[in-house]
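**Student:** Structure supplied as my_file_36.csv; contents: CSV, C-alpha atoms.
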```csv
chain,number,residue,atom,x,y,z
A,1,MET,CA,-22.2,-7.9,-3.9
A,2,TRP,CA,-21.8,-9.3,-0.3
A,3,VAL,CA,-19.3,-11.8,-1.6
A,4,VAL,CA,-17.3,-9.0,-3.2
A,5,ALA,CA,-17.3,-7.0,0.0
A,6,VAL,CA,-16.3,-9.8,2.3
A,7,SER,CA,-13.7,-11.3,0.0
A,8,SER,CA,-12.0,-8.1,-0.7
A,9,PHE,CA,-12.0,-7.2,3.0
A,10,LEU,CA,-10.3,-10.6,3.8
A,11,ALA,CA,-7.8,-10.1,0.9
A,12,THR,CA,-6.8,-6.6,2.1
A,13,LEU,CA,-6.8,-7.7,5.8
A,14,GLY,CA,-4.2,-10.4,4.9
A,15,PHE,CA,-2.0,-7.9,3.3
A,16,GLY,CA,-2.4,-5.5,6.2
A,17,ILE,CA,-0.9,-8.2,8.4
A,18,LEU,CA,1.9,-8.9,5.9
A,19,PHE,CA,2.7,-5.2,5.9
A,20,ASN,CA,2.6,-5.1,9.7
A,21,ILE,CA,-0.2,-2.6,10.2
A,22,LYS,CA,-1.5,-2.7,13.8
A,23,GLY,CA,-4.7,-2.0,15.7
A,24,LEU,CA,-7.5,0.1,14.4
A,25,LYS,CA,-5.5,1.1,11.3
A,26,LEU,CA,-5.5,-2.5,10.1
A,27,PHE,CA,-9.2,-2.6,10.2
A,28,LEU,CA,-9.6,0.8,8.5
A,29,ALA,CA,-7.1,-0.2,5.8
A,30,SER,CA,-9.1,-3.3,5.1
A,31,ILE,CA,-12.3,-1.2,4.7
A,32,GLY,CA,-10.3,0.8,2.1
A,33,GLY,CA,-9.7,-2.3,0.1
A,34,MET,CA,-13.4,-3.1,0.4
A,35,ILE,CA,-14.4,0.4,-0.9
A,36,GLY,CA,-12.2,0.1,-3.9
A,37,ALA,CA,-13.4,-3.3,-4.8
A,38,LEU,CA,-17.1,-2.4,-4.3
A,39,VAL,CA,-16.8,0.8,-6.5
A,40,TYR,CA,-15.0,-1.2,-9.2
A,41,THR,CA,-17.7,-4.0,-9.2
A,42,ILE,CA,-20.6,-1.5,-9.2
A,43,CYS,CA,-19.0,0.5,-12.1
A,44,LEU,CA,-18.5,-2.8,-14.1
A,45,ASN,CA,-22.1,-3.7,-13.5
A,46,LEU,CA,-23.1,-0.3,-14.8
A,47,GLN,CA,-21.4,-1.3,-18.1
A,48,PHE,CA,-18.5,1.1,-17.6
A,49,HIS,CA,-15.2,0.3,-19.4
A,50,GLU,CA,-12.7,-1.7,-17.4
A,51,GLY,CA,-10.2,1.2,-17.4
A,52,THR,CA,-12.8,3.7,-16.3
A,53,SER,CA,-14.0,1.5,-13.5
A,54,LEU,CA,-10.5,1.0,-12.2
A,55,PHE,CA,-9.9,4.8,-12.4
A,56,LEU,CA,-13.1,5.6,-10.5
A,57,ALA,CA,-12.3,2.9,-7.9
A,58,SER,CA,-8.8,4.2,-7.3
A,59,VAL,CA,-10.2,7.7,-7.0
A,60,ALA,CA,-12.6,6.4,-4.4
A,61,PHE,CA,-10.1,4.5,-2.2
A,62,SER,CA,-7.5,7.3,-2.5
A,63,LEU,CA,-10.0,9.9,-1.3
A,64,TYR,CA,-10.9,7.6,1.6
A,65,SER,CA,-7.2,7.0,2.4
A,66,GLU,CA,-6.2,10.7,2.2
A,67,ILE,CA,-9.0,11.7,4.5
A,68,LEU,CA,-8.3,9.0,7.0
A,69,ALA,CA,-4.6,9.7,6.9
A,70,ARG,CA,-5.2,13.2,8.0
A,71,LEU,CA,-7.6,12.2,10.7
A,72,CYS,CA,-5.3,9.6,12.1
A,73,HIS,CA,-2.1,11.5,11.6
A,74,THR,CA,-0.5,8.7,9.7
A,75,PRO,CA,1.2,8.4,6.3
A,76,VAL,CA,-1.3,8.0,3.5
A,77,THR,CA,0.6,5.0,2.2
A,78,THR,CA,-0.5,2.9,5.2
A,79,PHE,CA,-4.0,2.9,3.6
A,80,ILE,CA,-3.3,3.3,-0.1
A,81,ILE,CA,-0.9,0.3,-0.4
A,82,CYS,CA,-3.4,-2.1,1.1
A,83,ALA,CA,-6.5,-0.7,-0.7
A,84,LEU,CA,-4.7,-0.8,-4.0
A,85,ILE,CA,-3.9,-4.5,-3.9
A,86,PRO,CA,-7.3,-6.1,-4.9
A,87,LEU,CA,-7.4,-3.9,-8.0
A,88,VAL,CA,-3.9,-4.7,-9.3
A,89,PRO,CA,-4.5,-6.4,-12.7
A,90,GLY,CA,-3.1,-9.7,-11.8
A,91,ASN,CA,-5.5,-11.4,-14.1
A,92,GLY,CA,-4.2,-9.5,-17.1
A,93,MET,CA,-0.6,-10.3,-16.2
A,94,TYR,CA,-1.4,-14.0,-15.9
A,95,GLN,CA,-3.4,-14.1,-19.2
A,96,THR,CA,-0.6,-12.3,-21.0
A,97,MET,CA,1.9,-14.8,-19.8
A,98,ARG,CA,-0.4,-17.7,-20.7
A,99,LEU,CA,-0.9,-16.4,-24.2
A,100,ALA,CA,2.8,-15.9,-24.6
A,101,ILE,CA,3.8,-19.4,-23.7
A,102,GLU,CA,1.1,-20.8,-26.0
A,103,GLY,CA,3.0,-19.0,-28.8
A,104,ASN,CA,0.1,-16.6,-29.4
A,105,ALA,CA,2.3,-13.5,-29.6
A,106,GLU,CA,-0.2,-11.1,-31.2
A,107,ASN,CA,-2.9,-11.6,-28.5
A,108,ALA,CA,-0.2,-11.7,-25.8
A,109,LEU,CA,0.9,-8.2,-26.9
A,110,GLN,CA,-2.6,-7.0,-27.0
A,111,MET,CA,-3.3,-8.3,-23.6
A,112,GLY,CA,-0.1,-6.9,-22.2
A,113,LEU,CA,-0.9,-3.5,-23.5
A,114,ASP,CA,-4.4,-3.7,-22.0
A,115,THR,CA,-2.9,-4.7,-18.6
A,116,LEU,CA,-0.4,-1.8,-18.7
A,117,THR,CA,-3.3,0.6,-19.5
A,118,TYR,CA,-5.3,-0.7,-16.5
A,119,ALA,CA,-2.3,-0.3,-14.2
A,120,GLY,CA,-1.9,3.2,-15.6
A,121,ALA,CA,-5.6,4.0,-14.9
A,122,LEU,CA,-5.1,2.9,-11.3
A,123,ALA,CA,-2.0,5.1,-11.0
A,124,LEU,CA,-3.8,8.0,-12.5
A,125,GLY,CA,-6.6,7.8,-9.9
A,126,ILE,CA,-4.0,7.9,-7.1
A,127,ILE,CA,-2.1,10.8,-8.7
A,128,PHE,CA,-5.3,12.7,-9.3
A,129,MET,CA,-6.5,12.4,-5.7
A,130,SER,CA,-3.2,13.1,-4.0
A,131,THR,CA,-2.6,16.2,-6.1
A,132,ILE,CA,-6.0,17.6,-5.2
A,133,MET,CA,-5.5,16.8,-1.5
A,134,ARG,CA,-2.0,18.4,-1.6
A,135,TYR,CA,-3.5,21.5,-3.0
A,136,LEU,CA,-6.3,21.6,-0.5
A,137,THR,CA,-4.1,21.0,2.5
A,138,LYS,CA,-1.8,23.7,1.3
A,139,ARG,CA,-4.6,26.1,0.9
A,140,TYR,CA,-6.8,25.2,3.8
A,141,GLY,CA,-4.2,23.3,5.8
A,142,ARG,CA,-4.8,25.3,9.0
A,143,LYS,CA,-8.5,24.8,9.0
A,144,ILE,CA,-8.3,21.1,8.4
A,145,LYS,CA,-5.7,20.8,11.2
A,146,SER,CA,-7.9,22.6,13.7
A,147,PHE,CA,-10.8,20.5,12.6
A,148,SER,CA,-9.0,17.2,13.1
A,149,SER,CA,-7.6,18.2,16.4
A,150,SER,CA,-11.1,19.1,17.7
A,151,MET,CA,-12.3,15.6,16.7
B,1,MET,CA,26.8,17.4,15.9
B,2,ASP,CA,27.9,13.8,15.3
B,3,GLU,CA,25.1,12.6,17.4
B,4,ILE,CA,22.5,14.6,15.5
B,5,LEU,CA,23.8,13.1,12.2
B,6,ASN,CA,23.7,9.7,13.8
B,7,VAL,CA,20.1,10.0,15.0
B,8,ALA,CA,18.8,11.5,11.8
B,9,LEU,CA,20.5,8.9,9.6
B,10,PHE,CA,19.2,6.1,11.9
B,11,ALA,CA,15.7,7.4,11.4
B,12,GLY,CA,16.1,7.6,7.7
B,13,LYS,CA,17.6,4.1,7.6
B,14,ILE,CA,14.7,2.6,9.4
B,15,LEU,CA,12.3,4.5,7.1
B,16,LEU,CA,13.9,3.2,3.9
B,17,GLU,CA,14.2,-0.3,5.2
B,18,SER,CA,10.5,-0.3,6.1
B,19,GLY,CA,9.5,0.7,2.6
B,20,ALA,CA,8.9,4.5,2.9
B,21,GLU,CA,9.0,6.7,-0.1
B,22,ALA,CA,12.3,8.5,-0.8
B,23,TYR,CA,10.8,12.0,-0.4
B,24,ARG,CA,9.3,11.0,3.0
B,25,ALA,CA,12.7,9.9,4.2
B,26,GLU,CA,14.3,13.1,2.9
B,27,GLU,CA,11.7,15.3,4.6
B,28,THR,CA,11.8,13.4,7.9
B,29,VAL,CA,15.6,13.4,8.1
B,30,ILE,CA,15.7,17.2,7.6
B,31,LYS,CA,12.8,17.7,10.0
B,32,ILE,CA,14.6,15.8,12.7
B,33,CYS,CA,17.8,17.8,12.2
B,34,GLU,CA,16.0,21.1,12.3
B,35,ALA,CA,14.0,20.1,15.4
B,36,LEU,CA,17.2,19.3,17.2
B,37,GLY,CA,18.5,22.8,16.5
B,38,VAL,CA,20.6,22.6,13.3
B,39,GLU,CA,20.8,25.8,11.3
B,40,GLU,CA,20.7,24.2,7.9
B,41,ALA,CA,20.2,20.6,6.8
B,42,GLN,CA,20.1,19.1,3.3
B,43,SER,CA,19.6,15.5,2.4
B,44,TYR,CA,19.6,13.4,-0.7
B,45,VAL,CA,17.9,10.0,-0.6
B,46,THR,CA,17.8,7.3,-3.2
B,47,MET,CA,16.4,3.8,-2.7
B,48,THR,CA,19.9,2.5,-1.8
B,49,GLY,CA,21.4,5.2,0.3
B,50,ILE,CA,21.0,8.4,2.3
B,51,MET,CA,23.4,11.4,2.1
B,52,LEU,CA,23.0,14.0,4.8
B,53,SER,CA,24.8,17.2,5.3
B,54,ILE,CA,24.3,19.7,8.0
B,55,THR,CA,25.7,23.2,8.7
B,56,HIS,CA,26.0,24.6,12.2
B,57,GLN,CA,27.9,27.7,13.2
B,58,SER,CA,29.4,27.9,9.7
B,59,LYS,CA,30.9,24.4,9.9
B,60,SER,CA,29.7,21.6,7.7
B,61,TYR,CA,29.3,17.9,8.6
B,62,THR,CA,28.3,15.2,6.2
B,63,ARG,CA,27.7,11.5,6.4
B,64,ILE,CA,26.5,8.8,4.0
B,65,SER,CA,24.5,5.8,5.0
B,66,ARG,CA,24.0,2.8,2.7
B,67,ILE,CA,20.8,0.8,2.7
B,68,SER,CA,21.1,-2.8,1.7
B,69,ASN,CA,18.0,-4.7,2.8
B,70,ARG,CA,14.5,-3.5,2.2
B,71,GLY,CA,11.4,-5.0,3.7
B,72,VAL,CA,7.9,-3.7,4.4
B,73,ASP,CA,6.8,-2.5,7.8
B,74,LEU,CA,4.2,0.2,7.7
B,75,SER,CA,3.8,0.6,11.4
B,76,LYS,CA,7.5,1.6,11.8
B,77,ILE,CA,7.0,4.3,9.2
B,78,ASP,CA,3.9,5.4,11.1
B,79,ALA,CA,5.8,5.5,14.4
B,80,ILE,CA,8.8,7.5,13.0
B,81,ASN,CA,6.4,9.9,11.4
B,82,ALA,CA,4.8,10.5,14.7
B,83,LEU,CA,8.1,10.8,16.5
B,84,SER,CA,9.4,13.4,14.0
B,85,ARG,CA,6.3,15.5,14.7
B,86,ASN,CA,6.7,15.2,18.5
B,87,ILE,CA,10.3,16.3,18.7
B,88,THR,CA,9.5,20.0,18.6
B,89,LYS,CA,6.2,19.6,20.4
B,90,GLU,CA,7.6,17.8,23.4
B,91,HIS,CA,11.2,19.3,23.3
B,92,LEU,CA,12.9,15.9,23.2
B,93,SER,CA,16.6,15.7,23.6
B,94,ILE,CA,18.9,13.8,21.2
B,95,GLN,CA,19.2,11.0,23.7
B,96,ASP,CA,15.4,10.7,24.0
B,97,VAL,CA,15.1,10.5,20.2
B,98,HIS,CA,17.8,7.9,20.0
B,99,ASP,CA,16.1,5.8,22.7
B,100,GLN,CA,12.7,6.0,21.0
B,101,LEU,CA,14.2,5.1,17.6
B,102,CYS,CA,15.8,2.1,19.1
B,103,LYS,CA,12.5,1.1,20.6
B,104,ILE,CA,10.8,1.5,17.2
B,105,ASP,CA,13.5,-0.5,15.6
B,106,GLN,CA,13.1,-3.4,18.0
B,107,GLU,CA,9.3,-3.4,17.7
B,108,PRO,CA,8.2,-7.0,17.0
B,109,ARG,CA,6.2,-8.0,13.9
B,110,TYR,CA,3.2,-10.3,13.7
B,111,SER,CA,4.3,-13.8,14.5
B,112,TYR,CA,5.4,-16.2,11.7
B,113,GLY,CA,2.4,-18.4,12.0
B,114,MET,CA,0.0,-15.5,11.9
B,115,THR,CA,1.6,-14.1,8.8
B,116,LEU,CA,1.3,-17.4,7.1
B,117,PHE,CA,-2.3,-17.9,8.1
B,118,PHE,CA,-3.4,-14.4,7.0
B,119,SER,CA,-1.6,-14.6,3.7
B,120,ALA,CA,-3.5,-17.8,3.0
B,121,LEU,CA,-6.7,-16.1,4.1
B,122,SER,CA,-5.9,-13.3,1.7
B,123,ALA,CA,-5.5,-15.8,-1.2
B,124,PHE,CA,-8.8,-17.3,-0.1
B,125,GLY,CA,-10.5,-13.9,-0.3
B,126,PHE,CA,-9.0,-13.2,-3.8
B,127,ALA,CA,-10.3,-16.5,-5.1
B,128,LEU,CA,-13.9,-15.5,-4.1
B,129,PHE,CA,-13.3,-11.9,-5.4
B,130,PHE,CA,-12.3,-13.3,-8.8
B,131,HIS,CA,-15.6,-15.2,-9.0
B,132,GLY,CA,-14.1,-18.6,-7.9
B,133,THR,CA,-16.1,-21.3,-6.1
B,134,LEU,CA,-15.6,-22.3,-2.5
B,135,GLN,CA,-13.6,-25.2,-3.7
B,136,ASP,CA,-11.2,-22.9,-5.6
B,137,ALA,CA,-10.9,-20.7,-2.6
B,138,ILE,CA,-9.8,-23.6,-0.4
B,139,CYS,CA,-7.2,-24.6,-3.0
B,140,ALA,CA,-6.0,-21.0,-3.1
B,141,PHE,CA,-5.8,-21.0,0.7
B,142,VAL,CA,-3.4,-24.0,0.6
B,143,ILE,CA,-1.3,-22.6,-2.2
B,144,GLY,CA,-1.2,-19.2,-0.5
B,145,LEU,CA,0.2,-20.9,2.6
B,146,ILE,CA,2.9,-22.7,0.6
B,147,ILE,CA,3.8,-19.5,-1.4
B,148,LYS,CA,4.4,-17.5,1.8
B,149,PHE,CA,6.3,-20.3,3.4
B,150,VAL,CA,8.7,-20.4,0.4
B,151,THR,CA,9.0,-16.6,0.1
B,152,ILE,CA,9.8,-16.1,3.8
B,153,GLY,CA,12.2,-19.0,3.8
B,154,MET,CA,14.1,-17.6,0.9
B,155,GLU,CA,14.1,-14.0,2.3
B,156,ARG,CA,15.7,-15.4,5.5
B,157,ASN,CA,18.5,-16.9,3.4
B,158,ASP,CA,19.1,-13.6,1.6
B,159,ILE,CA,18.1,-14.9,-1.9
B,160,ASN,CA,17.6,-12.0,-4.2
B,161,ALA,CA,14.1,-10.7,-4.8
B,162,PHE,CA,13.8,-11.6,-8.5
B,163,PHE,CA,14.8,-15.2,-8.0
B,164,ASN,CA,12.6,-15.4,-4.9
B,165,HIS,CA,9.5,-14.3,-6.7
B,166,ALA,CA,10.2,-16.5,-9.7
B,167,ILE,CA,10.6,-19.6,-7.5
B,168,SER,CA,7.6,-18.8,-5.3
B,169,ALA,CA,5.4,-18.3,-8.4
B,170,GLY,CA,6.8,-21.5,-9.9
B,171,ALA,CA,6.0,-23.5,-6.7
B,172,ALA,CA,2.5,-22.1,-6.8
B,173,ALA,CA,2.0,-23.1,-10.4
B,174,LEU,CA,3.3,-26.6,-9.7
B,175,LEU,CA,1.1,-27.1,-6.7
B,176,ALA,CA,-1.9,-25.8,-8.6
B,177,LEU,CA,-1.2,-28.1,-11.5
B,178,ILE,CA,-0.9,-31.1,-9.1
B,179,LEU,CA,-4.2,-30.2,-7.3
B,180,HIS,CA,-5.8,-29.7,-10.7
B,181,ALA,CA,-4.6,-33.1,-11.9
B,182,PHE,CA,-6.5,-34.6,-8.9
B,183,HIS,CA,-9.6,-32.6,-9.8
B,184,ARG,CA,-9.6,-30.6,-6.7
B,185,MET,CA,-10.6,-27.3,-8.3
B,186,ASP,CA,-13.2,-25.9,-10.7
B,187,SER,CA,-11.2,-23.1,-12.3
B,188,PHE,CA,-7.4,-23.5,-12.7
B,189,ASP,CA,-6.9,-19.9,-13.8
B,190,THR,CA,-8.8,-18.4,-10.8
B,191,VAL,CA,-6.7,-20.4,-8.3
B,192,ILE,CA,-3.4,-19.4,-9.8
B,193,ILE,CA,-4.3,-15.8,-10.2
B,194,SER,CA,-5.5,-15.5,-6.6
B,195,SER,CA,-2.5,-17.2,-5.1
B,196,ILE,CA,0.0,-15.1,-7.1
B,197,MET,CA,-1.7,-11.9,-6.0
B,198,LEU,CA,0.3,-12.5,-2.8
B,199,LEU,CA,3.5,-11.7,-4.7
B,200,VAL,CA,2.1,-8.6,-6.4
B,201,PRO,CA,4.4,-5.6,-5.8
B,202,GLY,CA,1.7,-3.3,-4.3
B,203,LEU,CA,4.2,-1.2,-2.2
B,204,ALA,CA,6.5,-0.7,-5.2
B,205,ILE,CA,3.7,0.5,-7.4
B,206,THR,CA,2.4,2.9,-4.8
B,207,ASN,CA,5.8,4.3,-4.0
B,208,ALA,CA,6.7,4.6,-7.6
B,209,ILE,CA,3.6,6.8,-8.2
B,210,ARG,CA,4.0,8.8,-5.1
B,211,ASP,CA,7.7,9.5,-5.6
B,212,THR,CA,7.2,10.5,-9.2
B,213,VAL,CA,4.4,12.9,-8.2
B,214,ALA,CA,6.6,14.4,-5.5
B,215,GLY,CA,9.1,15.2,-8.2
B,216,ASP,CA,11.7,12.6,-7.1
B,217,TYR,CA,12.1,10.9,-10.5
B,218,LEU,CA,15.1,8.8,-9.7
B,219,ALA,CA,13.4,7.0,-6.8
B,220,GLY,CA,10.2,6.8,-8.7
B,221,LEU,CA,11.9,5.2,-11.7
B,222,ALA,CA,13.8,2.8,-9.4
B,223,ARG,CA,10.6,1.7,-7.7
B,224,GLY,CA,8.9,1.4,-11.0
B,225,ALA,CA,11.7,-0.9,-12.2
B,226,GLU,CA,11.3,-2.9,-9.1
B,227,ALA,CA,7.5,-3.3,-9.7
B,228,PHE,CA,8.1,-4.3,-13.4
B,229,LEU,CA,10.8,-6.8,-12.6
B,230,THR,CA,8.7,-8.4,-9.9
B,231,ALA,CA,5.9,-8.8,-12.5
B,232,ILE,CA,8.3,-10.3,-14.9
B,233,ALA,CA,9.7,-12.7,-12.3
B,234,ILE,CA,6.2,-13.9,-11.5
B,235,ALA,CA,5.5,-14.5,-15.1
B,236,VAL,CA,8.8,-16.3,-15.7
B,237,GLY,CA,8.2,-18.6,-12.7
B,238,ILE,CA,4.7,-19.6,-13.7
B,239,GLY,CA,5.5,-19.6,-17.4
B,240,ALA,CA,8.5,-22.0,-17.0
B,241,VAL,CA,6.5,-24.5,-14.9
B,242,LEU,CA,3.4,-24.3,-17.1
B,243,SER,CA,5.3,-24.9,-20.3
B,244,ILE,CA,7.3,-27.8,-19.0
B,245,TRP,CA,4.1,-29.3,-17.7
B,246,ILE,CA,2.4,-28.8,-21.1
B,247,GLN,CA,5.4,-30.4,-22.8
B,248,MET,CA,5.3,-33.4,-20.6
B,249,ASN,CA,1.5,-34.0,-20.4
B,250,GLY,CA,0.3,-32.4,-23.6
B,251,GLY,CA,-2.1,-29.9,-21.8
B,252,ILE,CA,-3.2,-28.6,-18.5
```
What is this file in C-alpha cells?
**Tutor:**
Amino acid sequence: MWVVAVSSFLATLGFGILFNIKGLKLFLASIGGMIGALVYTICLNLQFHEGTSLFLASVAFSLYSEILARLCHTPVTTFIICALIPLVPGNGMYQTMRLAIEGNAENALQMGLDTLTYAGALALGIIFMSTIMRYLTKRYGRKIKSFSSSM
Amino acid sequence: MDEILNVALFAGKILLESGAEAYRAEETVIKICEALGVEEAQSYVTMTGIMLSITHQSKSYTRISRISNRGVDLSKIDAINALSRNITKEHLSIQDVHDQLCKIDQEPRYSYGMTLFFSALSAFGFALFFHGTLQDAICAFVIGLIIKFVTIGMERNDINAFFNHAISAGAAALLALILHAFHRMDSFDTVIISSIMLLVPGLAITNAIRDTVAGDYLAGLARGAEAFLTAIAIAVGIGAVLSIWIQMNGGI
C-alpha cells in the first residue's frame, strides 16, 4: 500500500511539473493523484470489478478536487487533470496494440472494448461529481462562499 | 471599445493556448467585457478560434482571433481566472488589465532540465505503481527522460502532434527493446507502459468530458478526437517498432 501511495504521488508530481502547476497547488494536486490511486487499489483488493473500482476512484478524486478548487479559488481542472493520470488505462491500450500486432484480432477487439469501458467509467465518475457540485454550488453557493472566505 | 475587444481576446487567447476548456474561455471573455463596462457581450469559442462581439450604446463591434498553437500551462489558466474575478472587485482599468495579462503571458515555466527530470521521475513512479521492480523503475526513468527529450525537441520544431507522439512512443519502444536485449529489466511490458504514460492525453480527456457536460458539444467532440488520435498515435508508434523487431529477431 505504501508503494502505491508513494509511486502514484511521484507520478502525479511529475505531471504537475509538466503542466506547470506552482507552489502549494502542485503538492495538493499530487495528493489528489495519490487518493485516486489508493481508492482504486483498495477497491481492487476488495474484489470489486475493474470498472467499478475506476468509477469509485474517479468519484473520490473528483470530490477532492472540486472541494479544493472552491477553497483555493482555482479552476477544478488544475487538480482533476493531474489526479486522473495514474488511472488512465494505459495498460489496456498497450495490451490491445500488442494483441493486434500479434494478429490476434478477436482478443484485441475484446481488450479494446474493455479499455474503452474503463475510460468511460473514469469519465462517468468525473461527470457524476461535477454535476453534483454544480447543483450544490448553485443552490448553496452563497453559504459555501462565505464559508470559504472565512477560512 | 477596440481596447476592450483587444484585452478580452488576449485573455481568451492565453486561456485556449494554455489548455483551458472552451466554455471557460467563453465565460471569462464575457466576464472581462462586462467588468470593463460593456452593455452586452457574446462570444463563441471553439478549440481553434474565438469570436467576440460586443454591443455598446447601440453600436456593435466584432473581432475574431485564431488560435494556432496549443500547449498546457495550468498556472496561466489559474492566474487569468483570478484576474477576471478581480476586475470588478478592484476596479481595474483597461490598461491595468492589459499590463497584468502581459505579465501572465510572460510568466516563465519550469526550466528545461527540471521538466525532463520530473517526467523521468513520473515514469519511475508509474513503473512502481504497475507492480514493477526497482530495476524496471530505473529503466522507465531512463526511457522517460529520452521520451520527454524527443517530445520537447519536436514541439520546438513545430512537428504536428500525431507524428510527435508516434515517434516518441516508437523511440521509447526501441530503447526498451534494446535495454531488454541486454537483460536490464524484469518485465518488458511494465517498463513500456509506464514510460508511455508520459504521452497519455490526460488534459484532452478531462476537457472533453468537462466541455461535453457544460453543453459545448463541438469543443467536447474536438477534444475527444484529440485524445483518441493521441492514443492511436502512441499505439502506431510502438506497434511499428515492435513488429519490425519481431520480424527481425523472431520475438521480444
**Student:** Could you list the residues in chain A lying within 9 Å of chain B, using all atoms listed in the file, and format the result as a PyMOL selection string?
**Tutor:** chain A and resi 3-22+37+73-75+77-78+80-82+84-86+88+90-91+93-98+100-102+123-124+126-127+130-131
**Student:** Kindly give the distance, in Å, that separates CA of Asn160 in chain B and CA of Leu177 in chain B, rounded to a single decimal.
**Tutor:**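 Computing the Euclidean distance for CA of Asn160 in chain B and CA of Leu177 in chain B yields 25.8 Å.
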**Student:** At what distance in Å, to one decimal, does CA of Asp136 in chain B lie from CA of Met185 in chain B?
**Tutor:**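 Taking CA of Met185 in chain B as the start and CA of Asp136 in chain B as the end point, the length is 5.2 Å.
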**Student:** Closest to Asp2 in chain B among B:Thr230, B:Cys33, B:Leu83, B:Val241, using only C-alpha atoms?
**Tutor:**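 Checking each candidate against Asp2 in chain B, we get B:Cys33 as the closest.
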**Student:** Find, counting all atoms listed in the file, the residue in B:Met47, B:Ala171, B:Ile147, B:Leu52 that gets nearest to Ala225 in chain B.
**Tutor:** B:Met47
**Student:** Using all atoms listed in the file, pick whichever of B:Thr48, B:Val150, B:Glu39, B:Thr28 has the shortest atom-to-atom distance to Asn164 in chain B.
**Tutor:**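 For Asn164 in chain B, the nearest of the candidates is B:Val150.
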**Student:** Report the distance between CA of Thr115 in chain A and CA of Phe228 in chain B in Å, rounded to one decimal place.
**Tutor:**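 Atom-to-atom, CA of Thr115 in chain A to CA of Phe228 in chain B, that is 12.2 Å.
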**Student:** With a distance cut-off of 9 Å and all atoms listed in the file, select the neighbouring residues of His56 in chain B, excluding the residue or stretch itself and same-chain residues fewer than 3 positions from it, and output the selection as a list in words.
**Tutor:**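 Within the cut-off, the hits are Met1, Gly37, Val38, Glu39, Glu40, Ala41, Lys59, Ser60 and Tyr61 of chain B.
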**Student:** Show me, as a ChimeraX atom specification, the residues that have an atom within 8 Å of range 38-40 of chain A when counting all atoms listed in the file, minus same-chain residues fewer than 3 positions from it.
**Tutor:** /A:1,4-5,34-35,43-44,53-54,56-57,60
**Student:** Kindly extract all protein, DNA and RNA residues lying within 9 Å of the coordinates (11.0, -19.0, -5.2) given in the file, considering only C-alpha atoms, and supply them as a VMD selection string.
**Tutor:** chain B and resid 147 150 to 151 154 159 161 to 171 237
**Student:** Determine, counting all atoms listed in the file, which protein, DNA and RNA residues have an atom within 8 Å of an atom of Tyr118 in chain A; residues of the same chain fewer than 2 positions away are not included. Present the result as a PyMOL selection string.
**Tutor:** chain A and resi 50-51+54+89+114-116+120-122
